[in-house]
file upload22.pdb (PDB, C-alpha atoms and all ligand atoms)
ATOM      1  CA  MET A   1     -70.976 -34.407 -52.533
ATOM      2  CA  GLN A   2     -68.344 -35.290 -49.893
ATOM      3  CA  ASP A   3     -65.676 -35.844 -52.597
ATOM      4  CA  GLN A   4     -66.527 -32.470 -54.058
ATOM      5  CA  ILE A   5     -66.184 -30.847 -50.616
ATOM      6  CA  ASN A   6     -62.890 -32.618 -49.868
ATOM      7  CA  ASN A   7     -61.383 -31.457 -53.170
ATOM      8  CA  LEU A   8     -62.686 -27.910 -52.895
ATOM      9  CA  PRO A   9     -59.737 -26.249 -51.105
ATOM     10  CA  LYS A  10     -57.345 -27.533 -53.787
ATOM     11  CA  ARG A  11     -59.660 -26.597 -56.665
ATOM     12  CA  ALA A  12     -60.146 -23.128 -55.167
ATOM     13  CA  LYS A  13     -56.393 -22.724 -54.719
ATOM     14  CA  ASP A  14     -55.823 -23.661 -58.364
ATOM     15  CA  LYS A  15     -58.315 -20.983 -59.449
ATOM     16  CA  HIS A  16     -57.216 -18.335 -56.963
ATOM     17  CA  LYS A  17     -55.040 -16.283 -59.298
ATOM     18  CA  GLU A  18     -57.611 -16.358 -62.105
ATOM     19  CA  ASN A  19     -60.408 -15.430 -59.667
ATOM     20  CA  LYS A  20     -58.374 -12.566 -58.203
ATOM     21  CA  THR A  21     -57.749 -11.108 -61.660
ATOM     22  CA  PHE A  22     -61.433 -11.495 -62.532
ATOM     23  CA  PHE A  23     -62.622  -9.733 -59.378
ATOM     24  CA  THR A  24     -60.128  -6.895 -59.858
ATOM     25  CA  LYS A  25     -61.660  -6.273 -63.282
ATOM     26  CA  LEU A  26     -65.182  -6.682 -61.909
ATOM     27  CA  LYS A  27     -64.550  -4.012 -59.273
ATOM     28  CA  LYS A  28     -63.293  -1.586 -61.922
ATOM     29  CA  ARG A  29     -66.006  -2.263 -64.470
ATOM     30  CA  PRO A  30     -69.060  -3.936 -62.910
ATOM     31  CA  PRO A  31     -71.688  -4.669 -65.588
ATOM     32  CA  LYS A  32     -74.908  -2.636 -65.279
ATOM     33  CA  GLN A  33     -76.896  -5.847 -64.934
ATOM     34  CA  LEU A  34     -74.645  -7.374 -62.253
ATOM     35  CA  ASP A  35     -77.332  -7.575 -59.534
ATOM     36  CA  TYR A  36     -79.683  -9.319 -61.954
ATOM     37  CA  ILE A  37     -76.961 -11.682 -63.234
ATOM     38  CA  MET A  38     -76.063 -12.699 -59.681
ATOM     39  CA  GLN A  39     -79.688 -13.354 -58.707
ATOM     40  CA  GLU A  40     -80.017 -15.581 -61.751
ATOM     41  CA  LEU A  41     -76.741 -17.508 -61.223
ATOM     42  CA  HIS A  42     -77.467 -17.924 -57.509
ATOM     43  CA  ALA A  43     -80.999 -19.237 -58.100
ATOM     44  CA  LYS A  44     -79.811 -21.637 -60.805
ATOM     45  CA  GLU A  45     -77.018 -23.028 -58.631
ATOM     46  CA  PHE A  46     -79.228 -23.550 -55.578
ATOM     47  CA  GLU A  47     -81.778 -25.411 -57.687
ATOM     48  CA  ARG A  48     -79.181 -28.163 -58.004
ATOM     49  CA  THR A  49     -77.263 -27.817 -54.744
ATOM     50  CA  ASP A  50     -78.885 -29.205 -51.628
ATOM     51  CA  CYS A  51     -77.341 -27.590 -48.550
ATOM     52  CA  LEU A  52     -78.590 -30.492 -46.415
ATOM     53  CA  GLU A  53     -76.199 -32.782 -48.272
ATOM     54  CA  CYS A  54     -73.326 -30.401 -47.562
ATOM     55  CA  ALA A  55     -73.392 -28.181 -44.437
ATOM     56  CA  ASN A  56     -69.696 -27.467 -44.998
ATOM     57  CA  CYS A  57     -70.122 -23.830 -43.957
ATOM     58  CA  CYS A  58     -71.608 -24.926 -40.612
ATOM     59  CA  LYS A  59     -68.907 -27.569 -40.155
ATOM     60  CA  THR A  60     -65.825 -25.551 -41.004
ATOM     61  CA  THR A  61     -66.522 -21.883 -40.426
ATOM     62  CA  GLY A  62     -68.956 -20.083 -38.240
ATOM     63  CA  PRO A  63     -70.954 -16.887 -38.652
ATOM     64  CA  LEU A  64     -70.477 -13.606 -36.845
ATOM     65  CA  PHE A  65     -73.199 -13.033 -34.280
ATOM     66  CA  THR A  66     -74.521  -9.469 -34.261
ATOM     67  CA  SER A  67     -76.184  -8.028 -31.158
ATOM     68  CA  LYS A  68     -79.561  -8.546 -32.870
ATOM     69  CA  ASP A  69     -78.694 -12.196 -33.528
ATOM     70  CA  ILE A  70     -77.671 -12.696 -29.897
ATOM     71  CA  HIS A  71     -80.848 -11.039 -28.634
ATOM     72  CA  ARG A  72     -83.063 -13.176 -30.912
ATOM     73  CA  ILE A  73     -81.342 -16.512 -30.253
ATOM     74  CA  ALA A  74     -81.035 -15.997 -26.488
ATOM     75  CA  LYS A  75     -84.771 -15.218 -26.409
ATOM     76  CA  PHE A  76     -85.441 -18.430 -28.359
ATOM     77  CA  PHE A  77     -83.568 -20.396 -25.676
ATOM     78  CA  ARG A  78     -85.201 -18.319 -22.899
ATOM     79  CA  MET A  79     -81.713 -17.447 -21.726
ATOM     80  CA  LYS A  80     -80.131 -14.188 -20.656
ATOM     81  CA  GLU A  81     -77.976 -12.795 -23.475
ATOM     82  CA  GLN A  82     -74.884 -12.940 -21.248
ATOM     83  CA  GLN A  83     -75.554 -16.575 -20.471
ATOM     84  CA  PHE A  84     -75.916 -17.378 -24.174
ATOM     85  CA  ILE A  85     -72.619 -15.599 -24.898
ATOM     86  CA  GLU A  86     -70.819 -17.449 -22.099
ATOM     87  CA  ASN A  87     -72.167 -20.825 -23.230
ATOM     88  CA  TYR A  88     -71.577 -20.562 -26.973
ATOM     89  CA  LEU A  89     -69.554 -17.549 -28.117
ATOM     90  CA  ARG A  90     -66.142 -15.935 -27.938
ATOM     91  CA  LEU A  91     -64.698 -12.671 -29.195
ATOM     92  CA  ASP A  92     -62.391 -12.987 -32.209
ATOM     93  CA  GLU A  93     -59.352 -10.849 -33.114
ATOM     94  CA  GLU A  94     -61.652  -8.192 -34.567
ATOM     95  CA  ASN A  95     -63.806  -8.096 -31.462
ATOM     96  CA  ASP A  96     -66.740  -9.815 -33.137
ATOM     97  CA  TYR A  97     -68.712 -12.585 -31.487
ATOM     98  CA  VAL A  98     -68.134 -15.963 -33.158
ATOM     99  CA  LEU A  99     -68.738 -19.604 -32.213
ATOM    100  CA  GLN A 100     -66.454 -21.079 -29.562
ATOM    101  CA  SER A 101     -65.840 -24.054 -31.849
ATOM    102  CA  VAL A 102     -66.761 -25.614 -35.169
ATOM    103  CA  PRO A 103     -68.666 -27.649 -36.338
ATOM    104  CA  CYS A 104     -71.395 -25.336 -35.109
ATOM    105  CA  THR A 105     -72.962 -26.624 -31.939
ATOM    106  CA  PHE A 106     -76.429 -26.020 -33.430
ATOM    107  CA  LEU A 107     -75.819 -28.349 -36.378
ATOM    108  CA  GLY A 108     -77.482 -31.755 -36.145
ATOM    109  CA  ALA A 109     -76.071 -35.072 -37.412
ATOM    110  CA  ASP A 110     -78.691 -34.845 -40.182
ATOM    111  CA  ASN A 111     -77.237 -31.454 -41.228
ATOM    112  CA  TYR A 112     -80.324 -29.604 -40.004
ATOM    113  CA  CYS A 113     -79.827 -26.395 -38.051
ATOM    114  CA  SER A 114     -81.589 -26.619 -34.685
ATOM    115  CA  ILE A 115     -82.072 -22.828 -34.563
ATOM    116  CA  TYR A 116     -82.921 -22.430 -38.250
ATOM    117  CA  ASP A 117     -85.789 -19.950 -37.791
ATOM    118  CA  VAL A 118     -83.698 -17.656 -35.597
ATOM    119  CA  ARG A 119     -80.234 -18.407 -37.021
ATOM    120  CA  PRO A 120     -77.708 -15.564 -37.422
ATOM    121  CA  LYS A 121     -78.257 -13.241 -40.368
ATOM    122  CA  ALA A 122     -74.823 -14.228 -41.710
ATOM    123  CA  CYS A 123     -75.993 -17.869 -41.913
ATOM    124  CA  SER A 124     -79.185 -17.009 -43.758
ATOM    125  CA  GLU A 125     -77.238 -14.912 -46.279
ATOM    126  CA  PHE A 126     -74.281 -17.261 -46.815
ATOM    127  CA  PRO A 127     -72.603 -17.537 -49.378
ATOM    128  CA  HIS A 128     -73.844 -14.007 -50.202
ATOM    129  CA  THR A 129     -73.844 -14.722 -53.942
ATOM    130  CA  ASP A 130     -77.227 -13.033 -54.465
ATOM    131  CA  ARG A 131     -76.417  -9.821 -52.670
ATOM    132  CA  LYS A 132     -76.470  -6.469 -54.438
ATOM    133  CA  LYS A 133     -73.199  -4.871 -55.551
ATOM    134  CA  PHE A 134     -71.541  -8.275 -55.415
ATOM    135  CA  GLN A 135     -68.217  -6.774 -56.564
ATOM    136  CA  GLN A 136     -67.873  -5.195 -53.102
ATOM    137  CA  ILE A 137     -67.404  -8.570 -51.393
ATOM    138  CA  SER A 138     -64.721  -9.945 -53.694
ATOM    139  CA  ASN A 139     -62.239 -10.728 -50.919
ATOM    140  CA  LEU A 140     -64.846 -12.612 -48.939
ATOM    141  CA  THR A 141     -65.917 -14.537 -52.040
ATOM    142  CA  LEU A 142     -62.307 -15.492 -52.802
ATOM    143  CA  LYS A 143     -62.311 -17.218 -49.401
ATOM    144  CA  ASN A 144     -65.814 -18.653 -49.667
ATOM    145  CA  VAL A 145     -65.099 -20.554 -52.901
ATOM    146  CA  ALA A 146     -62.812 -22.809 -50.834
ATOM    147  CA  ILE A 147     -65.610 -23.540 -48.344
ATOM    148  CA  CYS A 148     -68.797 -23.579 -50.372
ATOM    149  CA  PRO A 149     -69.195 -25.736 -53.498
ATOM    150  CA  ALA A 150     -72.131 -23.591 -54.616
ATOM    151  CA  ALA A 151     -70.078 -20.377 -54.369
ATOM    152  CA  TYR A 152     -67.289 -22.077 -56.329
ATOM    153  CA  ASN A 153     -69.712 -23.038 -59.118
ATOM    154  CA  ILE A 154     -71.308 -19.596 -59.154
ATOM    155  CA  VAL A 155     -67.940 -17.880 -59.580
ATOM    156  CA  GLU A 156     -67.031 -20.303 -62.391
ATOM    157  CA  ALA A 157     -70.361 -19.522 -64.086
ATOM    158  CA  MET A 158     -69.783 -15.782 -63.593
ATOM    159  CA  LYS A 159     -66.431 -15.952 -65.374
ATOM    160  CA  LYS A 160     -68.114 -17.571 -68.369
ATOM    161  CA  LYS A 161     -71.002 -15.108 -68.401
ATOM    162  CA  ILE A 162     -69.061 -11.873 -67.806
ATOM    163  CA  GLN A 163     -66.173 -11.459 -70.213
ATOM    164  CA  PHE A 164     -63.820  -8.481 -69.941
TER     165      PHE A 164
HETATM  166  S1  LIG B   1     -74.204 -22.626 -48.354
HETATM  167 FE1  LIG B   1     -72.556 -23.660 -49.465
HETATM  168  S2  LIG B   1     -71.206 -24.562 -47.909
HETATM  169 FE2  LIG B   1     -73.146 -24.027 -46.924
HETATM  170  S3  LIG B   1     -74.324 -25.911 -47.013
HETATM  171 FE3  LIG B   1     -74.924 -24.703 -48.804
HETATM  172  S4  LIG B   1     -73.557 -25.403 -50.442
HETATM  173 FE4  LIG B   1     -72.692 -26.113 -48.510
HETATM  174  S1  LIG B   2     -76.435 -21.490 -36.635
HETATM  175 FE1  LIG B   2     -77.318 -23.043 -37.959
HETATM  176  S2  LIG B   2     -76.974 -22.293 -40.052
HETATM  177 FE2  LIG B   2     -75.601 -21.146 -38.696
HETATM  178  S3  LIG B   2     -73.638 -22.258 -38.687
HETATM  179 FE3  LIG B   2     -74.875 -23.045 -36.980
HETATM  180  S4  LIG B   2     -75.953 -24.822 -37.807
HETATM  181 FE4  LIG B   2     -75.224 -23.617 -39.536
END

call {"tool": "encode", "arguments": {"input": "upload22.pdb", "output": "structure tokens"}}
result
Amino acid sequence: MQDQINNLPKRAKDKHKENKTFFTKLKKRPPKQLDYIMQELHAKEFERTDCLECANCCKTTGPLFTSKDIHRIAKFFRMKEQQFIENYLRLDEENDYVLQSVPCTFLGADNYCSIYDVRPKACSEFPHTDRKKFQQISNLTLKNVAICPAAYNIVEAMKKKIQF
């Protein structure tokens, strides 16, 4: 798995142009069954990908923390929200709360998330490959294929399944 992760940025870069062209076409002409296709491809990929062997998303990029996330996680730690923010978060260029540093401070050496049950919504939904109207998050997916081996495989499978 680690070899696969190390090579991912280069493999994603090599596919970038092809992926961009594919997503441009997908946005213009999304198949009627796209939601169903994505559910199927996502489920199939995560049957063979074990996130506990990877954790690359938690190691290299962090989630955005919404106000609901902050409320829930601060409560879990029995902390005031402001204290939680001061200890762990910072505002990014778009004024969103993000982690002060990566790897995520809540990630264990065994790749388990210590706040799994209350983790940010963005973590529970990553890499978003089973979300509805998938064509709307093309730009995000173009970035995620360089971070997430599962997202990379799903996009490769999509290109085989959906021909324009
Ligand atoms: S979601 Fe993707 S990047 Fe994150 S641990 Fe799973 S396979 Fe790895
Ligand atoms: S909160 Fe948990 S799932 Fe989210 S990035 Fe940190 S370790 Fe990963």

call {"tool": "atom_distance", "arguments": {"input": "upload22.pdb", "atom1": "CA of Asp50 (chain A)", "atom2": "CA of Ile137 (chain A)"}}
result
23.6 Å

call {"tool": "closest_residue", "arguments": {"input": "upload22.pdb", "among": "A:Asp117, A:Glu86, A:Asp96, A:Glu47", "to": "ligand LIG 1 (chain B)", "atoms": "only C-alpha atoms and all ligand atoms"}}
result
A:Glu47

call {"tool": "resolve_selection", "arguments": {"input": "upload22.pdb", "expression": "the PyMOL selection byres (((not hetatm)) within 9 of (chain B and resi 1))", "output": "ChimeraX atom specification"}}
result
/A:5,46,49-60,111,123-128,144-145,147-152

call {"tool": "resolve_selection", "arguments": {"input": "upload22.pdb", "expression": "the PyMOL selection byres (((not hetatm)) within 7 of (chain B and resi 2))", "output": "number ranges by chain"}}
result
A: 55, 57-58, 62-63, 104-107, 112-116, 119-120, 123-124

call {"tool": "resolve_selection", "arguments": {"input": "upload22.pdb", "expression": "the PyMOL selection byres (((chain A and resi 25) around 12) and not hetatm)", "output": "number ranges by chain"}}
result
A: 18-24, 26-31, 135-136, 138, 159, 162-164

call {"tool": "closest_residue", "arguments": {"input": "upload22.pdb", "among": "A:Val118, A:Leu91, A:Thr129, A:Gln100", "to": "Arg72 (chain A)", "atoms": "all atoms listed in the file"}}
result
A:Val118

call {"tool": "atom_distance", "arguments": {"input": "upload22.pdb", "atom1": "CA of Ser101 (chain A)", "atom2": "CA of Lys15 (chain A)"}}
result
28.8 Å

call {"tool": "closest_residue", "arguments": {"input": "upload22.pdb", "among": "A:Met79, A:Ala146, A:Lys160, A:Asn95", "to": "Asn6 (chain A)", "atoms": "only C-alpha atoms"}}
result
A:Ala146

call {"tool": "atom_distance", "arguments": {"input": "upload22.pdb", "atom1": "CA of Phe65 (chain A)", "atom2": "CA of Tyr97 (chain A)"}}
result
5.3 Å

call {"tool": "residues_near_point", "arguments": {"input": "upload22.pdb", "point": "(-75.9, -10.6, -54.4)", "cutoff": "7 Å", "atoms": "all atoms listed in the file", "output": "PyMOL selection string"}}
result
chain A and resi 35+38-39+128-134

call {"tool": "closest_residue", "arguments": {"input": "upload22.pdb", "among": "A:Lys121, A:Val155, A:Val102, A:Thr61", "to": "Ile73 (chain A)", "atoms": "all atoms listed in the file"}}
result
A:Lys121

call {"tool": "residues_around", "arguments": {"input": "upload22.pdb", "residues": "Leu41 (chain A)", "least_positions_apart": "2", "cutoff": "8 Å", "atoms": "only C-alpha atoms", "output": "PDB file with C-alpha atoms, in the coordinates of the input"}}
result
ATOM      1  CA  ILE A  37     -76.961 -11.682 -63.234  1.00  0.00           C
ATOM      2  CA  MET A  38     -76.063 -12.699 -59.681  1.00  0.00           C
ATOM      3  CA  GLN A  39     -79.688 -13.354 -58.707  1.00  0.00           C
ATOM      4  CA  ALA A  43     -80.999 -19.237 -58.100  1.00  0.00           C
ATOM      5  CA  LYS A  44     -79.811 -21.637 -60.805  1.00  0.00           C
ATOM      6  CA  GLU A  45     -77.018 -23.028 -58.631  1.00  0.00           C
ATOM      7  CA  ILE A 154     -71.308 -19.596 -59.154  1.00  0.00           C
ATOM      8  CA  ALA A 157     -70.361 -19.522 -64.086  1.00  0.00           C
ATOM      9  CA  MET A 158     -69.783 -15.782 -63.593  1.00  0.00           C
TER      10      MET A 158
END

call {"tool": "decode", "arguments": {"input": "upload22.pdb", "residues": "region 28-47 of chain A", "atoms": "N, CA and C atoms", "output": "PDB file, in the first residue's frame"}}
result
ATOM      1  N   LYS A  28     -21.205  18.114 -18.746  1.00  0.00           N
ATOM      2  CA  LYS A  28     -22.127  18.495 -19.818  1.00  0.00           C
ATOM      3  C   LYS A  28     -23.202  17.437 -20.035  1.00  0.00           C
ATOM      4  N   ARG A  29     -22.794  16.171 -19.923  1.00  0.00           N
ATOM      5  CA  ARG A  29     -23.741  15.096 -20.220  1.00  0.00           C
ATOM      6  C   ARG A  29     -23.705  13.992 -19.156  1.00  0.00           C
ATOM      7  N   PRO A  30     -24.098  14.305 -17.913  1.00  0.00           N
ATOM      8  CA  PRO A  30     -24.057  13.252 -16.895  1.00  0.00           C
ATOM      9  C   PRO A  30     -25.064  12.139 -17.211  1.00  0.00           C
ATOM     10  N   PRO A  31     -24.656  10.869 -17.156  1.00  0.00           N
ATOM     11  CA  PRO A  31     -25.601   9.796 -17.433  1.00  0.00           C
ATOM     12  C   PRO A  31     -26.742   9.797 -16.408  1.00  0.00           C
ATOM     13  N   LYS A  32     -27.914   9.350 -16.845  1.00  0.00           N
ATOM     14  CA  LYS A  32     -29.087   9.342 -15.937  1.00  0.00           C
ATOM     15  C   LYS A  32     -28.810   8.504 -14.695  1.00  0.00           C
ATOM     16  N   GLN A  33     -28.038   7.441 -14.882  1.00  0.00           N
ATOM     17  CA  GLN A  33     -27.788   6.501 -13.786  1.00  0.00           C
ATOM     18  C   GLN A  33     -26.539   6.859 -12.979  1.00  0.00           C
ATOM     19  N   LEU A  34     -26.042   8.089 -13.099  1.00  0.00           N
ATOM     20  CA  LEU A  34     -24.744   8.404 -12.482  1.00  0.00           C
ATOM     21  C   LEU A  34     -24.704   8.127 -10.973  1.00  0.00           C
ATOM     22  N   ASP A  35     -25.759   8.523 -10.256  1.00  0.00           N
ATOM     23  CA  ASP A  35     -25.752   8.301  -8.791  1.00  0.00           C
ATOM     24  C   ASP A  35     -25.601   6.810  -8.489  1.00  0.00           C
ATOM     25  N   TYR A  36     -26.343   5.998  -9.230  1.00  0.00           N
ATOM     26  CA  TYR A  36     -26.303   4.551  -9.023  1.00  0.00           C
ATOM     27  C   TYR A  36     -24.914   3.991  -9.382  1.00  0.00           C
ATOM     28  N   ILE A  37     -24.379   4.443 -10.509  1.00  0.00           N
ATOM     29  CA  ILE A  37     -23.047   3.973 -10.945  1.00  0.00           C
ATOM     30  C   ILE A  37     -21.996   4.286  -9.878  1.00  0.00           C
ATOM     31  N   MET A  38     -22.070   5.504  -9.323  1.00  0.00           N
ATOM     32  CA  MET A  38     -21.070   5.903  -8.332  1.00  0.00           C
ATOM     33  C   MET A  38     -21.190   5.094  -7.039  1.00  0.00           C
ATOM     34  N   GLN A  39     -22.429   4.832  -6.629  1.00  0.00           N
ATOM     35  CA  GLN A  39     -22.624   4.003  -5.418  1.00  0.00           C
ATOM     36  C   GLN A  39     -21.967   2.646  -5.619  1.00  0.00           C
ATOM     37  N   GLU A  40     -22.171   2.103  -6.819  1.00  0.00           N
ATOM     38  CA  GLU A  40     -21.672   0.763  -7.131  1.00  0.00           C
ATOM     39  C   GLU A  40     -20.122   0.754  -7.174  1.00  0.00           C
ATOM     40  N   LEU A  41     -19.545   1.727  -7.889  1.00  0.00           N
ATOM     41  CA  LEU A  41     -18.081   1.788  -8.012  1.00  0.00           C
ATOM     42  C   LEU A  41     -17.427   2.040  -6.652  1.00  0.00           C
ATOM     43  N   HIS A  42     -18.050   2.905  -5.867  1.00  0.00           N
ATOM     44  CA  HIS A  42     -17.536   3.241  -4.536  1.00  0.00           C
ATOM     45  C   HIS A  42     -17.552   1.992  -3.641  1.00  0.00           C
ATOM     46  N   ALA A  43     -18.680   1.299  -3.627  1.00  0.00           N
ATOM     47  CA  ALA A  43     -18.812   0.113  -2.765  1.00  0.00           C
ATOM     48  C   ALA A  43     -17.794  -0.956  -3.181  1.00  0.00           C
ATOM     49  N   LYS A  44     -17.655  -1.159  -4.482  1.00  0.00           N
ATOM     50  CA  LYS A  44     -16.732  -2.171  -4.987  1.00  0.00           C
ATOM     51  C   LYS A  44     -15.282  -1.834  -4.597  1.00  0.00           C
ATOM     52  N   GLU A  45     -14.918  -0.573  -4.741  1.00  0.00           N
ATOM     53  CA  GLU A  45     -13.551  -0.167  -4.418  1.00  0.00           C
ATOM     54  C   GLU A  45     -13.264  -0.330  -2.920  1.00  0.00           C
ATOM     55  N   PHE A  46     -14.225   0.077  -2.078  1.00  0.00           N
ATOM     56  CA  PHE A  46     -13.958   0.001  -0.640  1.00  0.00           C
ATOM     57  C   PHE A  46     -14.117  -1.405  -0.069  1.00  0.00           C
ATOM     58  N   GLU A  47     -14.539  -2.348  -0.906  1.00  0.00           N
ATOM     59  CA  GLU A  47     -14.485  -3.756  -0.485  1.00  0.00           C
ATOM     60  C   GLU A  47     -13.033  -4.225  -0.487  1.00  0.00           C
TER      61      GLU A  47
END
